[in-house]
Structures are given as C-alpha cells and as structure tokens.
$ cat protein31.cif   # mmCIF, C-alpha atoms and all ligand atoms
data_coords
loop_
_atom_site.group_PDB
_atom_site.id
_atom_site.type_symbol
_atom_site.label_atom_id
_atom_site.label_comp_id
_atom_site.auth_asym_id
_atom_site.auth_seq_id
_atom_site.Cartn_x
_atom_site.Cartn_y
_atom_site.Cartn_z
ATOM 1 C CA ALA A 1 7.296 18.905 15.959
ATOM 2 C CA ALA A 2 5.226 17.095 13.326
ATOM 3 C CA PRO A 3 6.812 17.486 9.885
ATOM 4 C CA SER A 4 4.893 19.733 7.520
ATOM 5 C CA TYR A 5 4.326 18.771 3.922
ATOM 6 C CA GLU A 6 3.051 20.520 0.825
ATOM 7 C CA HIS A 7 1.436 17.655 -1.108
ATOM 8 C CA ILE A 8 0.287 15.265 1.603
ATOM 9 C CA LEU A 9 -1.414 15.447 5.007
ATOM 10 C CA THR A 10 -0.437 13.259 7.930
ATOM 11 C CA SER A 11 -2.265 12.516 11.162
ATOM 12 C CA ILE A 12 -2.718 9.875 13.841
ATOM 13 C CA PRO A 13 -6.513 9.389 13.880
ATOM 14 C CA LYS A 14 -6.393 6.421 16.288
ATOM 15 C CA PRO A 15 -3.688 5.238 18.662
ATOM 16 C CA GLY A 16 -1.053 3.364 16.666
ATOM 17 C CA VAL A 17 -2.437 4.328 13.246
ATOM 18 C CA GLY A 18 -0.584 6.677 10.892
ATOM 19 C CA LEU A 19 -2.759 8.205 8.184
ATOM 20 C CA ILE A 20 -1.265 9.683 5.011
ATOM 21 C CA THR A 21 -3.678 11.600 2.776
ATOM 22 C CA LEU A 22 -2.477 12.459 -0.725
ATOM 23 C CA ASN A 23 -3.414 16.109 -1.115
ATOM 24 C CA ARG A 24 -2.865 17.682 -4.535
ATOM 25 C CA PRO A 25 -6.536 18.303 -5.272
ATOM 26 C CA LYS A 26 -5.967 20.529 -8.312
ATOM 27 C CA ALA A 27 -4.156 17.691 -10.085
ATOM 28 C CA LEU A 28 -6.313 14.816 -8.759
ATOM 29 C CA ASN A 29 -3.345 13.771 -6.607
ATOM 30 C CA ALA A 30 -1.075 13.194 -9.607
ATOM 31 C CA LEU A 31 2.050 11.610 -8.139
ATOM 32 C CA SER A 32 4.807 14.083 -8.942
ATOM 33 C CA SER A 33 8.388 13.534 -7.793
ATOM 34 C CA PRO A 34 8.036 16.151 -5.009
ATOM 35 C CA LEU A 35 4.870 14.408 -3.785
ATOM 36 C CA PHE A 36 6.573 11.017 -3.813
ATOM 37 C CA LYS A 37 9.532 12.394 -1.866
ATOM 38 C CA GLU A 38 7.124 13.553 0.833
ATOM 39 C CA LEU A 39 5.223 10.269 0.775
ATOM 40 C CA ASN A 40 8.455 8.327 1.311
ATOM 41 C CA ALA A 41 9.512 10.656 4.137
ATOM 42 C CA ALA A 42 6.137 10.256 5.856
ATOM 43 C CA LEU A 43 6.269 6.471 5.436
ATOM 44 C CA ASP A 44 9.777 6.420 6.939
ATOM 45 C CA ASN A 45 8.658 8.563 9.885
ATOM 46 C CA TYR A 46 5.807 6.206 10.721
ATOM 47 C CA ASP A 47 7.878 3.100 10.051
ATOM 48 C CA ASN A 48 10.597 4.292 12.442
ATOM 49 C CA ASP A 49 8.054 5.194 15.138
ATOM 50 C CA LYS A 50 7.602 2.152 17.389
ATOM 51 C CA SER A 51 4.225 3.481 18.566
ATOM 52 C CA ILE A 52 2.795 3.177 15.019
ATOM 53 C CA GLY A 53 1.492 -0.303 14.172
ATOM 54 C CA ALA A 54 -0.282 0.322 10.854
ATOM 55 C CA ILE A 55 -0.299 2.958 8.117
ATOM 56 C CA ILE A 56 -3.169 3.989 5.838
ATOM 57 C CA ILE A 57 -2.652 5.765 2.517
ATOM 58 C CA THR A 58 -5.729 7.459 1.090
ATOM 59 C CA GLY A 59 -6.668 10.264 -1.287
ATOM 60 C CA SER A 60 -9.777 12.354 -1.804
ATOM 61 C CA GLU A 61 -13.346 11.294 -2.509
ATOM 62 C CA LYS A 62 -12.725 11.904 -6.254
ATOM 63 C CA ALA A 63 -9.186 10.586 -6.597
ATOM 64 C CA PHE A 64 -6.840 8.282 -4.747
ATOM 65 C CA ALA A 65 -4.349 9.324 -7.441
ATOM 66 C CA ALA A 66 -4.925 9.897 -11.180
ATOM 67 C CA GLY A 67 -1.449 8.617 -12.014
ATOM 68 C CA ALA A 68 2.128 9.719 -12.164
ATOM 69 C CA ASP A 69 2.343 13.399 -13.109
ATOM 70 C CA ILE A 70 1.927 13.401 -16.895
ATOM 71 C CA LYS A 71 3.013 17.044 -17.193
ATOM 72 C CA GLU A 72 6.271 16.268 -15.357
ATOM 73 C CA MET A 73 6.926 13.199 -17.526
ATOM 74 C CA ALA A 74 5.995 14.667 -20.930
ATOM 75 C CA PRO A 75 9.377 16.361 -21.618
ATOM 76 C CA LEU A 76 11.612 13.717 -19.933
ATOM 77 C CA SER A 77 14.403 12.230 -22.035
ATOM 78 C CA PHE A 78 15.611 8.653 -21.761
ATOM 79 C CA SER A 79 19.005 9.736 -20.457
ATOM 80 C CA ALA A 80 17.479 12.008 -17.798
ATOM 81 C CA ALA A 81 15.110 9.257 -16.635
ATOM 82 C CA TYR A 82 17.869 6.637 -16.693
ATOM 83 C CA ASN A 83 20.613 8.751 -15.132
ATOM 84 C CA ASP A 84 18.357 9.972 -12.329
ATOM 85 C CA ASN A 85 16.645 6.578 -11.961
ATOM 86 C CA PHE A 86 13.402 8.550 -12.260
ATOM 87 C CA ILE A 87 10.887 5.996 -10.990
ATOM 88 C CA ALA A 88 13.168 4.251 -8.445
ATOM 89 C CA PRO A 89 11.809 6.205 -5.420
ATOM 90 C CA TRP A 90 8.501 4.440 -6.046
ATOM 91 C CA SER A 91 10.028 1.163 -4.837
ATOM 92 C CA HIS A 92 10.695 2.477 -1.355
ATOM 93 C CA LEU A 93 7.320 1.392 0.015
ATOM 94 C CA SER A 94 7.814 -2.226 -1.103
ATOM 95 C CA ASN A 95 11.543 -2.401 -0.435
ATOM 96 C CA ALA A 96 11.890 -0.676 2.913
ATOM 97 C CA ILE A 97 8.608 -0.170 4.779
ATOM 98 C CA ARG A 98 7.997 -2.975 7.285
ATOM 99 C CA THR A 99 4.841 -1.641 8.960
ATOM 100 C CA PRO A 100 1.636 -2.879 7.276
ATOM 101 C CA VAL A 101 0.236 -0.334 4.809
ATOM 102 C CA ILE A 102 -3.446 -0.222 3.862
ATOM 103 C CA ALA A 103 -4.552 1.573 0.688
ATOM 104 C CA ALA A 104 -8.029 3.131 1.034
ATOM 105 C CA VAL A 105 -9.084 3.914 -2.523
ATOM 106 C CA SER A 106 -11.993 6.189 -3.411
ATOM 107 C CA GLY A 107 -12.353 7.583 -6.931
ATOM 108 C CA TYR A 108 -9.609 7.328 -9.558
ATOM 109 C CA ALA A 109 -6.611 5.052 -9.054
ATOM 110 C CA LEU A 110 -5.110 5.207 -12.525
ATOM 111 C CA GLY A 111 -1.651 4.386 -13.859
ATOM 112 C CA GLY A 112 0.811 5.085 -11.076
ATOM 113 C CA GLY A 113 -2.141 5.564 -8.709
ATOM 114 C CA CYS A 114 -3.254 1.992 -9.374
ATOM 115 C CA GLU A 115 0.340 0.827 -8.989
ATOM 116 C CA LEU A 116 0.699 2.614 -5.657
ATOM 117 C CA ALA A 117 -2.502 0.980 -4.409
ATOM 118 C CA LEU A 118 -1.236 -2.437 -5.569
ATOM 119 C CA MET A 119 2.042 -1.934 -3.650
ATOM 120 C CA CYS A 120 0.174 -1.596 -0.369
ATOM 121 C CA ASP A 121 -0.246 -4.693 1.793
ATOM 122 C CA ILE A 122 -4.029 -4.529 1.972
ATOM 123 C CA LEU A 123 -6.324 -2.715 -0.463
ATOM 124 C CA TYR A 124 -9.792 -1.449 0.476
ATOM 125 C CA CYS A 125 -11.890 0.545 -1.984
ATOM 126 C CA THR A 126 -15.351 1.905 -2.613
ATOM 127 C CA SER A 127 -17.473 -0.017 -5.118
ATOM 128 C CA LYS A 128 -17.395 3.039 -7.405
ATOM 129 C CA ALA A 129 -13.610 3.434 -7.319
ATOM 130 C CA SER A 130 -12.086 3.489 -10.791
ATOM 131 C CA PHE A 131 -8.849 1.578 -11.317
ATOM 132 C CA GLY A 132 -6.860 1.230 -14.497
ATOM 133 C CA GLN A 133 -3.519 1.130 -16.261
ATOM 134 C CA PRO A 134 -4.172 3.590 -19.105
ATOM 135 C CA GLU A 135 -0.489 4.158 -19.975
ATOM 136 C CA VAL A 136 -0.916 2.645 -23.456
ATOM 137 C CA LYS A 137 -3.149 5.623 -24.304
ATOM 138 C CA LEU A 138 -0.194 7.913 -23.545
ATOM 139 C CA GLY A 139 2.241 5.943 -25.673
ATOM 140 C CA THR A 140 3.909 4.165 -22.808
ATOM 141 C CA ILE A 141 3.508 1.260 -20.368
ATOM 142 C CA PRO A 142 3.076 0.808 -16.590
ATOM 143 C CA GLY A 143 6.384 1.672 -14.939
ATOM 144 C CA ALA A 144 5.970 1.145 -11.209
ATOM 145 C CA GLY A 145 5.227 -2.551 -11.127
ATOM 146 C CA GLY A 146 1.693 -2.541 -12.584
ATOM 147 C CA SER A 147 2.372 -5.173 -15.237
ATOM 148 C CA GLN A 148 3.826 -7.468 -12.591
ATOM 149 C CA ARG A 149 1.603 -6.881 -9.551
ATOM 150 C CA LEU A 150 -1.684 -6.654 -11.450
ATOM 151 C CA THR A 151 -0.843 -9.851 -13.344
ATOM 152 C CA ARG A 152 -0.007 -11.701 -10.122
ATOM 153 C CA ALA A 153 -3.232 -10.372 -8.570
ATOM 154 C CA ILE A 154 -5.737 -11.133 -11.349
ATOM 155 C CA GLY A 155 -4.036 -13.487 -13.805
ATOM 156 C CA LYS A 156 -2.472 -12.993 -17.209
ATOM 157 C CA SER A 157 -5.473 -12.789 -19.494
ATOM 158 C CA ARG A 158 -7.351 -10.171 -17.475
ATOM 159 C CA ALA A 159 -4.211 -8.121 -16.830
ATOM 160 C CA MET A 160 -3.270 -8.301 -20.501
ATOM 161 C CA GLU A 161 -6.740 -7.113 -21.530
ATOM 162 C CA LEU A 162 -6.666 -4.195 -19.085
ATOM 163 C CA ILE A 163 -3.104 -3.091 -19.887
ATOM 164 C CA LEU A 164 -3.516 -3.450 -23.679
ATOM 165 C CA THR A 165 -6.873 -1.637 -23.863
ATOM 166 C CA GLY A 166 -6.260 0.820 -21.020
ATOM 167 C CA ARG A 167 -9.865 0.371 -19.895
ATOM 168 C CA ASN A 168 -10.768 1.155 -16.324
ATOM 169 C CA PHE A 169 -12.136 -1.406 -13.882
ATOM 170 C CA SER A 170 -14.440 -0.680 -10.992
ATOM 171 C CA GLY A 171 -14.006 -1.148 -7.273
ATOM 172 C CA LYS A 172 -16.688 -3.817 -7.537
ATOM 173 C CA GLU A 173 -14.566 -5.735 -10.081
ATOM 174 C CA ALA A 174 -11.472 -5.198 -7.915
ATOM 175 C CA GLY A 175 -13.326 -6.988 -5.112
ATOM 176 C CA GLU A 176 -14.562 -9.831 -7.305
ATOM 177 C CA TRP A 177 -11.055 -10.421 -8.683
ATOM 178 C CA GLY A 178 -9.339 -10.315 -5.314
ATOM 179 C CA VAL A 179 -7.405 -7.082 -5.923
ATOM 180 C CA ALA A 180 -9.328 -5.504 -3.058
ATOM 181 C CA ALA A 181 -9.684 -7.261 0.271
ATOM 182 C CA ARG A 182 -12.859 -5.293 0.974
ATOM 183 C CA VAL A 183 -15.260 -3.213 -1.107
ATOM 184 C CA VAL A 184 -17.253 -0.610 0.761
ATOM 185 C CA GLU A 185 -20.640 0.727 -0.362
ATOM 186 C CA GLY A 186 -20.732 4.461 0.188
ATOM 187 C CA GLY A 187 -18.130 7.169 0.035
ATOM 188 C CA LYS A 188 -14.734 7.972 1.441
ATOM 189 C CA ASP A 189 -15.995 8.380 5.016
ATOM 190 C CA GLU A 190 -17.385 4.845 5.148
ATOM 191 C CA LEU A 191 -14.241 3.552 3.427
ATOM 192 C CA LEU A 192 -11.923 5.248 5.891
ATOM 193 C CA GLU A 193 -13.950 3.966 8.807
ATOM 194 C CA GLU A 194 -13.405 0.373 7.615
ATOM 195 C CA ALA A 195 -9.701 0.966 6.966
ATOM 196 C CA LEU A 196 -9.279 2.533 10.415
ATOM 197 C CA LYS A 197 -10.944 -0.424 12.126
ATOM 198 C CA THR A 198 -8.576 -2.842 10.418
ATOM 199 C CA ALA A 199 -5.539 -0.645 11.066
ATOM 200 C CA GLU A 200 -6.461 -0.386 14.745
ATOM 201 C CA THR A 201 -6.844 -4.150 14.986
ATOM 202 C CA ILE A 202 -3.395 -4.699 13.477
ATOM 203 C CA ALA A 203 -1.822 -1.947 15.607
ATOM 204 C CA GLY A 204 -3.271 -3.676 18.692
ATOM 205 C CA TYR A 205 -1.084 -6.766 18.213
ATOM 206 C CA SER A 206 2.567 -7.379 18.993
ATOM 207 C CA ARG A 207 4.703 -5.339 16.623
ATOM 208 C CA VAL A 208 7.273 -8.147 16.287
ATOM 209 C CA ALA A 209 4.607 -10.658 15.288
ATOM 210 C CA VAL A 210 2.978 -8.237 12.836
ATOM 211 C CA LEU A 211 6.253 -7.342 11.110
ATOM 212 C CA ALA A 212 7.144 -11.029 10.854
ATOM 213 C CA ALA A 213 3.695 -11.900 9.474
ATOM 214 C CA LYS A 214 3.970 -9.220 6.773
ATOM 215 C CA GLU A 215 7.479 -10.397 5.926
ATOM 216 C CA VAL A 216 6.504 -14.032 5.424
ATOM 217 C CA VAL A 217 3.387 -13.264 3.361
ATOM 218 C CA ASN A 218 5.493 -11.056 1.085
ATOM 219 C CA LYS A 219 8.046 -13.862 0.677
ATOM 220 C CA SER A 220 5.288 -15.925 -0.932
ATOM 221 C CA GLN A 221 5.414 -13.483 -3.854
ATOM 222 C CA GLU A 222 9.138 -14.012 -4.406
ATOM 223 C CA LEU A 223 10.098 -17.566 -3.424
ATOM 224 C CA SER A 224 9.228 -21.090 -4.495
ATOM 225 C CA LEU A 225 6.705 -22.841 -2.230
ATOM 226 C CA ARG A 226 9.381 -24.938 -0.555
ATOM 227 C CA GLU A 227 11.720 -21.989 0.040
ATOM 228 C CA GLY A 228 8.800 -19.922 1.291
ATOM 229 C CA VAL A 229 7.650 -22.580 3.729
ATOM 230 C CA GLU A 230 11.223 -22.979 5.005
ATOM 231 C CA TYR A 231 11.559 -19.208 5.380
ATOM 232 C CA GLU A 232 8.317 -19.095 7.341
ATOM 233 C CA ARG A 233 9.462 -21.958 9.552
ATOM 234 C CA SER A 234 12.756 -20.205 10.422
ATOM 235 C CA LEU A 235 11.000 -17.032 11.401
ATOM 236 C CA PHE A 236 8.316 -18.972 13.303
ATOM 237 C CA HIS A 237 11.038 -20.790 15.261
ATOM 238 C CA GLY A 238 12.786 -17.450 15.802
ATOM 239 C CA LEU A 239 9.676 -15.949 17.378
ATOM 240 C CA PHE A 240 10.050 -18.365 20.312
ATOM 241 C CA GLY A 241 12.835 -15.970 21.254
ATOM 242 C CA SER A 242 10.454 -13.003 21.465
ATOM 243 C CA LYS A 243 8.908 -11.777 24.705
ATOM 244 C CA ASP A 244 5.549 -11.379 23.037
ATOM 245 C CA GLN A 245 5.247 -15.064 22.115
ATOM 246 C CA LYS A 246 5.543 -15.854 25.846
ATOM 247 C CA ILE A 247 3.179 -13.026 26.757
ATOM 248 C CA GLY A 248 0.572 -14.059 24.148
ATOM 249 C CA MET A 249 0.535 -17.778 24.908
ATOM 250 C CA THR A 250 0.710 -17.333 28.692
ATOM 251 C CA ALA A 251 -2.187 -14.862 28.552
ATOM 252 C CA PHE A 252 -4.247 -17.387 26.575
ATOM 253 C CA ALA A 253 -3.624 -20.131 29.130
ATOM 254 C CA GLU A 254 -4.453 -17.747 32.010
ATOM 255 C CA LYS A 255 -7.560 -16.430 30.214
ATOM 256 C CA LYS A 256 -6.145 -12.872 30.336
ATOM 257 C CA LYS A 257 -5.770 -10.136 27.760
ATOM 258 C CA PRO A 258 -2.144 -9.985 26.585
ATOM 259 C CA GLU A 259 -0.206 -6.803 27.362
ATOM 260 C CA TRP A 260 2.262 -6.702 24.485
ATOM 261 C CA SER A 261 5.841 -5.639 25.112
ATOM 262 C CA HIS A 262 6.459 -5.307 21.347
ATOM 263 C CA GLU A 263 9.696 -7.178 21.958
HETATM 264 C C1 LIG B 1 -0.947 15.435 -14.275
HETATM 265 C C2 LIG B 1 -3.235 15.431 -14.048
HETATM 266 C C3 LIG B 1 -3.261 14.017 -14.048
HETATM 267 C C4 LIG B 1 -2.011 13.328 -14.160
HETATM 268 C C5 LIG B 1 -5.283 14.729 -13.858
HETATM 269 N N1 LIG B 1 -4.509 15.815 -13.923
HETATM 270 N N2 LIG B 1 -4.543 13.609 -13.940
HETATM 271 N N3 LIG B 1 -2.100 16.127 -14.149
HETATM 272 N N4 LIG B 1 -0.914 14.093 -14.279
HETATM 273 N N5 LIG B 1 -1.922 12.001 -14.158
HETATM 274 C C6 LIG B 1 -4.924 17.220 -13.866
HETATM 275 C C7 LIG B 1 -5.619 17.658 -15.146
HETATM 276 O O1 LIG B 1 -4.667 17.990 -16.128
HETATM 277 C C8 LIG B 1 -6.402 18.849 -14.668
HETATM 278 O O2 LIG B 1 -5.530 19.952 -14.558
HETATM 279 C C9 LIG B 1 -6.814 18.441 -13.258
HETATM 280 O O3 LIG B 1 -5.918 17.397 -12.871
HETATM 281 C C10 LIG B 1 -8.230 17.876 -13.210
HETATM 282 O O4 LIG B 1 -8.328 16.841 -14.173
HETATM 283 P P1 LIG B 1 -9.477 16.784 -15.301
HETATM 284 O O5 LIG B 1 -8.945 15.936 -16.395
HETATM 285 O O6 LIG B 1 -9.943 18.154 -15.643
HETATM 286 O O7 LIG B 1 -10.625 16.020 -14.478
HETATM 287 P P2 LIG B 1 -11.793 15.114 -15.069
HETATM 288 O O8 LIG B 1 -12.328 15.726 -16.344
HETATM 289 O O9 LIG B 1 -12.711 14.875 -13.943
HETATM 290 O O10 LIG B 1 -11.085 13.756 -15.512
HETATM 291 C C11 LIG B 1 -10.508 12.890 -14.525
HETATM 292 C C12 LIG B 1 -9.571 11.845 -15.210
HETATM 293 C C13 LIG B 1 -8.545 12.610 -16.085
HETATM 294 C C14 LIG B 1 -10.392 10.906 -16.077
HETATM 295 C C15 LIG B 1 -8.894 11.044 -14.097
HETATM 296 O O11 LIG B 1 -7.920 13.648 -15.285
HETATM 297 C C16 LIG B 1 -7.459 11.737 -16.610
HETATM 298 O O12 LIG B 1 -7.664 10.987 -17.564
HETATM 299 N N6 LIG B 1 -6.248 11.830 -16.054
HETATM 300 C C17 LIG B 1 -5.082 11.112 -16.498
HETATM 301 C C18 LIG B 1 -5.194 9.648 -16.116
HETATM 302 C C19 LIG B 1 -3.980 8.873 -16.622
HETATM 303 O O13 LIG B 1 -3.728 8.757 -17.819
HETATM 304 N N7 LIG B 1 -3.177 8.355 -15.672
HETATM 305 C C20 LIG B 1 -1.974 7.609 -15.971
HETATM 306 C C21 LIG B 1 -0.827 8.538 -16.025
HETATM 307 S S1 LIG B 1 0.614 7.714 -16.622
HETATM 308 P P3 LIG B 1 -5.920 21.396 -15.147
HETATM 309 O O14 LIG B 1 -4.673 22.201 -14.906
HETATM 310 O O15 LIG B 1 -6.259 21.190 -16.566
HETATM 311 O O16 LIG B 1 -7.088 21.804 -14.307
HETATM 312 C C22 LIG B 1 1.225 6.950 -15.297
HETATM 313 C C23 LIG B 1 2.498 6.227 -15.544
HETATM 314 C C24 LIG B 1 2.863 5.366 -14.381
HETATM 315 O O17 LIG B 1 0.708 6.979 -14.228
HETATM 316 C C25 LIG B 1 4.179 4.739 -14.621
HETATM 317 C C26 LIG B 1 5.220 5.144 -13.649
HETATM 318 C C27 LIG B 1 4.828 5.273 -12.249
#

$ encode --input "protein31.cif" --output "structure tokens"
Amino acid sequence: AAPSYEHILTSIPKPGVGLITLNRPKALNALSSPLFKELNAALDNYDNDKSIGAIIITGSEKAFAAGADIKEMAPLSFSAAYNDNFIAPWSHLSNAIRTPVIAAVSGYALGGGCELALMCDILYCTSKASFGQPEVKLGTIPGAGGSQRLTRAIGKSRAMELILTGRNFSGKEAGEWGVAARVVEGGKDELLEEALKTAETIAGYSRVAVLAAKEVVNKSQELSLREGVEYERSLFHGLFGSKDQKIGMTAFAEKKKPEWSHE
C-alpha cells in the first residue's frame, strides 16, 4: 500500500515520475521536523524504487515553503539543537538521494524553503516566486546550506547582500542569476507541467546513466577541476561495463529506439 503522510502528498503523475507536494497549507508549508521526516521517507521510497527515474518536490501556489518552522525553533536551546543534531535530517536529500530531484517553486521559498529548493538538482520556478534568506531578521543565519549553496550559485557579493539584508528576490531574478534553470510565466499549473515534462524526459533514459550523470555533476561542486575530470573519466570508463551503454550505442547505429535495461 502507498504510505500515508500528514504533511506531504505523494503521487506518480507520469510513469517514472514521483511527485512530492509539501502540504501544510495553514503554515505556508513551514518545514517542521515532522514534515521533514516525512519528506525524507518519501524521498527514500522513490529513490529505492527502480521504476522511478525522477522526483519533483513542489508546494502550493502561494508557498513552496515559507521556511523552517519558526514556532518550533523559537524555544530551542543550544544543547537541545546540538545534542539532537536538529538540522542534520535536512542533509539527507543531498547526501543520500541519487535519483534526480527537481524543485518546482511557486510563491514563497524563504529561509529553509529557499535552502531546500537550492538542494534540489534542478530548480524551476514561476517568475513571481519569492525567494530569500531572511534569517537575519529573526536574529539568526541560514542553517541548511543557504550561505554556501546560494553563494556558489550567484557569487559572493550578491549572496552577501541578500543574506545581510534579508531581502527577497524574485523568480525572474533567480532565472537571470542562474539559480533557476527555467522560469515559467503563469501559475503553479504551468510550472508543474514544465517540471513534469523534464522529469519524464529524464525518467525515460537509462537509470544507470542518469545516476552517474548526477553523481559527476555534483562532484564538480566538491572537487578541484583535475580531480573532477579524473572522477568523471573513471565513471565514464566504468559505464562501458553497463548493458545500457551497449543498448544505447547499438540502437543509434541501427537507427532504432533504445529499450533500456536500466542495468
Ligand atoms: C512557522 C509560519 C512560517 C514559518 C508562515 N507561518 N511562515 N509558521 N514558520 N516559517 C505561518 C504564520 O505564522 C501564519 O500562521 C500562517 O503561516 C500564514 O502566514 P501569514 O504570515 O499570516 O501569511 P502572509 O501574511 O501572507 O505572509 C507570508 C510570509 C510570512 C511573508 C511568507 O508568513 C512570513 O514572513 N513568514 C516567515 C518567513 C521567514 O522568516 N522564513 C524563514 C524562517 S527561518 P497563523 O497561525 O498566524 O495563521 C528559517 C531558518 C532556516 O527558515 C535555517 C535552518 C533550516
């Protein structure tokens, strides 16, 4: 049976595509610990399901997510946060999920919501989406990678300005700065349609090749150029051992459509 959740919705809108919709409308999808636990469980379910080739995370028309749950965090002590490693579950997506994840952002993506979107492999948004790292206004700082990922995405001066002033930036700006791969005019329906098309395209390829492609692009964020190129080369050489490399290249030569084995 499909798992049932309280704070998220899950569905398979197209073959091979797992959709996760953040669904805490009364709190603008504030990312509480219980919500994040469910999000991680849903991500794991899709990631372990060999029939799923791409995952989309989205929210509502009004909010992708308005941040970590401020009411949950307000009374936290240092020792409670440190002992329980409070924000560590937020790293699961980046550390463990191998299937490509697309963020489809409509409305607010603030604080932890912006950080969650930045963790995804591909970010699509509406032009009116509203991103920001407003933590400074709450007497704190980004805590789920925002200072690192936003800075890598848009450069130091822009990231510094946004994080020090807490001002929001629009979906349009996200597109111009390269945070978003695609900016959609219109609302969540149009946005989701674009995200679904891309997810379906990715899910239509060999799973081995897709996982390897995601892995090597992510290495570029961690390694020196030389180490990254060598890492890519090893995995590229390794893929000559996959069935799908033979299937893909033979199909090209025979002018046929490849039937992937995902092996
Ligand atoms: C808890 C939140 C919330 C949040 C909104 N709500 N954001 N609850 N945590 N991050 C709740 C409100 O309290 C309110 O509950 C309900 O959602 C609707 O929100 P309103 O403020 O009434 O809506 P609106 O007037 O339309 O304003 C929308 C908004 C505003 C501009 C997005 O909600 C807002 O500023 N939210 C906080 C944004 C923020 O600072 N995010 C960063 C959080 S810190 P009630 O019960 O009153 O109806 C963070 C740290 C990350 O993310 C670091 C670690 C991961």

$ resolve_selection --input "protein31.cif" --expression "the PyMOL selection byres (((not hetatm)) within 7 of (chain B and resi 1))" --output "MDAnalysis selection string"
chainID A and resid 26:28 30 66:71 87 108 110:113 133:135 138 141:144

$ write_last_selection --input "protein31.cif" --atoms "C-alpha atoms" --output "mmCIF file, in the coordinates of the input"
data_model
loop_
_atom_site.group_PDB
_atom_site.id
_atom_site.type_symbol
_atom_site.label_atom_id
_atom_site.label_comp_id
_atom_site.auth_asym_id
_atom_site.auth_seq_id
_atom_site.Cartn_x
_atom_site.Cartn_y
_atom_site.Cartn_z
ATOM 1 C CA LYS A 26 -5.967 20.529 -8.312
ATOM 2 C CA ALA A 27 -4.156 17.691 -10.085
ATOM 3 C CA LEU A 28 -6.313 14.816 -8.759
ATOM 4 C CA ALA A 30 -1.075 13.194 -9.607
ATOM 5 C CA ALA A 66 -4.925 9.897 -11.180
ATOM 6 C CA GLY A 67 -1.449 8.617 -12.014
ATOM 7 C CA ALA A 68 2.128 9.719 -12.164
ATOM 8 C CA ASP A 69 2.343 13.399 -13.109
ATOM 9 C CA ILE A 70 1.927 13.401 -16.895
ATOM 10 C CA LYS A 71 3.013 17.044 -17.193
ATOM 11 C CA ILE A 87 10.887 5.996 -10.990
ATOM 12 C CA TYR A 108 -9.609 7.328 -9.558
ATOM 13 C CA LEU A 110 -5.110 5.207 -12.525
ATOM 14 C CA GLY A 111 -1.651 4.386 -13.859
ATOM 15 C CA GLY A 112 0.811 5.085 -11.076
ATOM 16 C CA GLY A 113 -2.141 5.564 -8.709
ATOM 17 C CA GLN A 133 -3.519 1.130 -16.261
ATOM 18 C CA PRO A 134 -4.172 3.590 -19.105
ATOM 19 C CA GLU A 135 -0.489 4.158 -19.975
ATOM 20 C CA LEU A 138 -0.194 7.913 -23.545
ATOM 21 C CA ILE A 141 3.508 1.260 -20.368
ATOM 22 C CA PRO A 142 3.076 0.808 -16.590
ATOM 23 C CA GLY A 143 6.384 1.672 -14.939
ATOM 24 C CA ALA A 144 5.970 1.145 -11.209
#

$ residues_around --input "protein31.cif" --residues "Pro258 in chain A" --least-positions-apart "5" --cutoff "12 Å" --atoms "all atoms listed in the file" --output "ChimeraX atom specification"
/A:204-206,243-253

$ atom_distance --input "protein31.cif" --atom1 "CA of Ala74 in chain A" --atom2 "CA of Ser94 in chain A"
26.1 Å

$ closest_residue --input "protein31.cif" --among "A:Gly53, A:Gly186, A:Gly16, A:Gly132" --to "Ile97 in chain A" --atoms "only C-alpha atoms"
A:Gly53

$ atom_distance --input "protein31.cif" --atom1 "CA of Leu76 in chain A" --atom2 "CA of Lys37 in chain A"
18.2 Å

$ residues_around --input "protein31.cif" --residues "range 123-126 of chain A" --least-positions-apart "3" --cutoff "7 Å" --atoms "only C-alpha atoms" --output "JSON list (two decimals) with C-alpha atoms, in the coordinates of the input"
[["chain", "number", "residue", "atom", "x", "y", "z"],
["A", 102, "ILE", "CA", -3.45, -0.22, 3.86],
["A", 103, "ALA", "CA", -4.55, 1.57, 0.69],
["A", 104, "ALA", "CA", -8.03, 3.13, 1.03],
["A", 105, "VAL", "CA", -9.08, 3.91, -2.52],
["A", 106, "SER", "CA", -11.99, 6.19, -3.41],
["A", 117, "ALA", "CA", -2.50, 0.98, -4.41],
["A", 120, "CYS", "CA", 0.17, -1.60, -0.37],
["A", 129, "ALA", "CA", -13.61, 3.43, -7.32],
["A", 171, "GLY", "CA", -14.01, -1.15, -7.27],
["A", 180, "ALA", "CA", -9.33, -5.50, -3.06],
["A", 181, "ALA", "CA", -9.68, -7.26, 0.27],
["A", 182, "ARG", "CA", -12.86, -5.29, 0.97],
["A", 183, "VAL", "CA", -15.26, -3.21, -1.11],
["A", 184, "VAL", "CA", -17.25, -0.61, 0.76],
["A", 185, "GLU", "CA", -20.64, 0.73, -0.36],
["A", 186, "GLY", "CA", -20.73, 4.46, 0.19],
["A", 187, "GLY", "CA", -18.13, 7.17, 0.04],
["A", 191, "LEU", "CA", -14.24, 3.55, 3.43],
["A", 195, "ALA", "CA", -9.70, 0.97, 6.97]]

$ atom_distance --input "protein31.cif" --atom1 "CA of Ser4 in chain A" --atom2 "CA of Val210 in chain A"
28.5 Å

$ resolve_selection --input "protein31.cif" --expression "the PyMOL selection byres (((chain A and resi 168) around 6) and not hetatm)" --output "PyMOL selection string"
chain A and resi 131-132+167+169

$ residues_around --input "protein31.cif" --residues "Glu230 in chain A" --least-positions-apart "6" --cutoff "12 Å" --atoms "only C-alpha atoms" --output "ChimeraX atom specification"
/A:216,219-220,223-224,236-237

$ residues_around --input "protein31.cif" --residues "Ile52 in chain A" --least-positions-apart "3" --cutoff "12 Å" --atoms "all atoms listed in the file" --output "PyMOL selection string"
chain A and resi 11-19+43-49+55-56+98-101+199-200+202-207+210-211+262

$ closest_residue --input "protein31.cif" --among "A:Thr140, A:Ser234, A:Ser51, A:Thr165" --to "Met73 in chain A" --atoms "all atoms listed in the file"
A:Thr140

$ residues_around --input "protein31.cif" --residues "Arg152 in chain A" --least-positions-apart "6" --cutoff "12 Å" --atoms "all atoms listed in the file" --output "PyMOL selection string"
chain A and resi 118-119+145-146+158-160+177-179+220-222

$ closest_residue --input "protein31.cif" --among "A:Ser261, A:Asn23, A:Ser33, A:Asn85" --to "Thr10 in chain A" --atoms "all atoms listed in the file"
A:Asn23

$ closest_residue --input "protein31.cif" --among "A:Ile20, A:Ala81, A:Leu9, A:Val229" --to "Ala54 in chain A" --atoms "all atoms listed in the file"
A:Ile20

$ closest_residue --input "protein31.cif" --among "A:Ala96, A:Leu22, A:Cys114, A:Ala41" --to "Ser170 in chain A" --atoms "all atoms listed in the file"
A:Cys114
